[in-house]
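Notes follow the structure.
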Amino acid sequence: MNREHIDRPAVLNEVTAAFYRYEQALIGNDVQVLDELFWADSRTVRYGATENLYGIEAIRAFRNARPSAGLDRLLRNTTITTYGEDMAVASTEFTRENSERVGRQMQTWVKFPYGWRIVAAHVSLMG
């Protein structure tokens, strides 16, 4: 891939907006938006801090069962890189109030005819 296809401003703006829409839905526990932003497919994967979820149904079940308190977090070192017109990777670190632990999150986004969706995600906590 040629360098001019990486981080095209219009594509980067679209993915950045989708990423922060996801973040707002996450801290607000807006399960409908979280569900919308994950690809509705059995091949979607989300590795969490304590769980491995394979397929949209497992991801939905996790979201619906998760407590809605204590979801606020502060992001840092967020990097979003786009590749061509329809693929991106978003990486960020996060911290939560009253915790010394640093979390890490990576998402692979793909643009479908109906919009940007997360096809794979990984969340982990350091130390």
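Residues are referred to by chain and number: the chain letter is A, B, ... according to the order shown in the structure tokens, the number counts from 1 in that chain, and ligands are numbered separately from 1 in the order shown.
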Fill in: Polymer residues at most 12 Å from stretch 34-46 of chain A, only C-alpha atoms, same-chain spacing of 5 or more positions, as a VMD selection string
chain A and resid 15 17 to 29 51 to 64 105 to 124
Residues near A:Thr95, cut-off 12 Å, only C-alpha atoms, skip fewer than 2 positions along chain, as a PDB file with C-alpha atoms, in the first residue's frame:
```pdb
ATOM      1  CA  GLY A  70     -17.935   2.560  37.157  1.00  0.00           C
ATOM      2  CA  LEU A  71     -17.495   2.742  33.395  1.00  0.00           C
ATOM      3  CA  ASP A  72     -15.982   6.250  33.250  1.00  0.00           C
ATOM      4  CA  ARG A  73     -12.403   6.290  32.091  1.00  0.00           C
ATOM      5  CA  LEU A  74      -9.751   8.657  30.839  1.00  0.00           C
ATOM      6  CA  LEU A  75      -8.099   7.886  27.503  1.00  0.00           C
ATOM      7  CA  ARG A  76      -4.473   8.580  26.685  1.00  0.00           C
ATOM      8  CA  ASN A  77      -2.053   7.777  23.875  1.00  0.00           C
ATOM      9  CA  THR A  92      -5.638   3.573  23.234  1.00  0.00           C
ATOM     10  CA  GLU A  93      -4.711   3.330  26.876  1.00  0.00           C
ATOM     11  CA  GLU A  97     -10.623   6.775  38.963  1.00  0.00           C
ATOM     12  CA  ASN A  98      -9.429   5.022  42.147  1.00  0.00           C
ATOM     13  CA  SER A  99      -7.310   2.532  40.198  1.00  0.00           C
ATOM     14  CA  GLU A 100      -3.589   2.476  39.481  1.00  0.00           C
ATOM     15  CA  ARG A 101      -4.020  -0.036  36.660  1.00  0.00           C
ATOM     16  CA  VAL A 102      -3.599   0.972  33.053  1.00  0.00           C
ATOM     17  CA  GLY A 103      -5.929  -0.555  30.493  1.00  0.00           C
ATOM     18  CA  ARG A 104      -5.218  -1.062  26.827  1.00  0.00           C
ATOM     19  CA  GLN A 105      -7.675  -1.329  23.988  1.00  0.00           C
ATOM     20  CA  SER A 124      -6.417  -5.839  28.663  1.00  0.00           C
ATOM     21  CA  LEU A 125      -5.151  -4.466  31.948  1.00  0.00           C
ATOM     22  CA  MET A 126      -1.514  -4.035  32.902  1.00  0.00           C
TER      23      MET A 126
END
```
Discussion item. Going by DSSP on the backbone, which residues of chain A come out as strand (DSSP E or B)? List them as a ChimeraX atom specification.
Written reply: /A:6,38,45-47,52-54,74-83,87-95,102-112,115-126
Selection file, C-alpha atoms, as a CSV table (one decimal), in the first residue's frame:
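Ended up saving to result_14.csv:
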```
chain,number,residue,atom,x,y,z
A,6,ILE,CA,-2.6,5.9,4.8
A,38,PHE,CA,-19.7,-4.1,16.3
A,45,VAL,CA,-14.1,-11.3,18.1
A,46,ARG,CA,-13.7,-9.4,21.4
A,47,TYR,CA,-11.0,-10.4,23.9
A,52,ASN,CA,-12.9,-14.2,25.3
A,53,LEU,CA,-16.0,-13.6,23.2
A,54,TYR,CA,-16.5,-15.2,19.8
A,74,LEU,CA,-9.8,8.7,30.8
A,75,LEU,CA,-8.1,7.9,27.5
A,76,ARG,CA,-4.5,8.6,26.7
A,77,ASN,CA,-2.1,7.8,23.9
A,78,THR,CA,-4.9,7.2,21.4
A,79,THR,CA,-3.7,6.4,17.9
A,80,ILE,CA,-6.0,5.8,15.0
A,81,THR,CA,-4.5,4.8,11.6
A,82,THR,CA,-6.5,4.2,8.5
A,83,TYR,CA,-5.4,2.0,5.6
A,87,MET,CA,-9.9,-0.3,7.2
A,88,ALA,CA,-8.5,1.2,10.3
A,89,VAL,CA,-6.9,0.3,13.7
A,90,ALA,CA,-7.6,2.2,16.8
A,91,SER,CA,-5.3,1.8,19.9
A,92,THR,CA,-5.6,3.6,23.2
A,93,GLU,CA,-4.7,3.3,26.9
A,94,PHE,CA,-7.2,4.2,29.6
A,95,THR,CA,-7.3,4.7,33.4
A,102,VAL,CA,-3.6,1.0,33.1
A,103,GLY,CA,-5.9,-0.6,30.5
A,104,ARG,CA,-5.2,-1.1,26.8
A,105,GLN,CA,-7.7,-1.3,24.0
A,106,MET,CA,-7.2,-2.1,20.3
A,107,GLN,CA,-10.0,-2.2,17.7
A,108,THR,CA,-9.9,-3.2,14.0
A,109,TRP,CA,-12.5,-1.2,12.1
A,110,VAL,CA,-13.9,-2.0,8.6
A,111,LYS,CA,-16.1,0.2,6.6
A,112,PHE,CA,-19.2,-1.6,5.3
A,115,GLY,CA,-20.9,2.3,8.1
A,116,TRP,CA,-17.8,1.7,10.2
A,117,ARG,CA,-17.9,-1.4,12.4
A,118,ILE,CA,-15.5,-3.1,14.8
A,119,VAL,CA,-14.6,-6.6,13.5
A,120,ALA,CA,-12.0,-7.4,16.3
A,121,ALA,CA,-11.3,-5.9,19.6
A,122,HIS,CA,-8.9,-6.5,22.5
A,123,VAL,CA,-9.0,-5.1,26.0
A,124,SER,CA,-6.4,-5.8,28.7
A,125,LEU,CA,-5.2,-4.5,31.9
A,126,MET,CA,-1.5,-4.0,32.9
```
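For the atom pair formed by atom CA of A:Arg3 and atom CA of A:Glu85, the distance is 12.8 Å, given to one decimal.
Computed from the coordinates, the atom CA of A:Asp86 to atom CA of A:Asn2 distance equals 14.7 Å.
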Practice prompt. Figure out the distance between atom CA of A:Asp30 and atom CA of A:Asn13, please, to one decimal in Å.
Written response: 22.3 Å
Discussion item. DSSP on the backbone, helix (DSSP H, G or I) only: what residues of stretch 13-107 of chain A does that give? Format it as a ChimeraX atom specification.
Written reply: /A:13-27,31-37,56-65
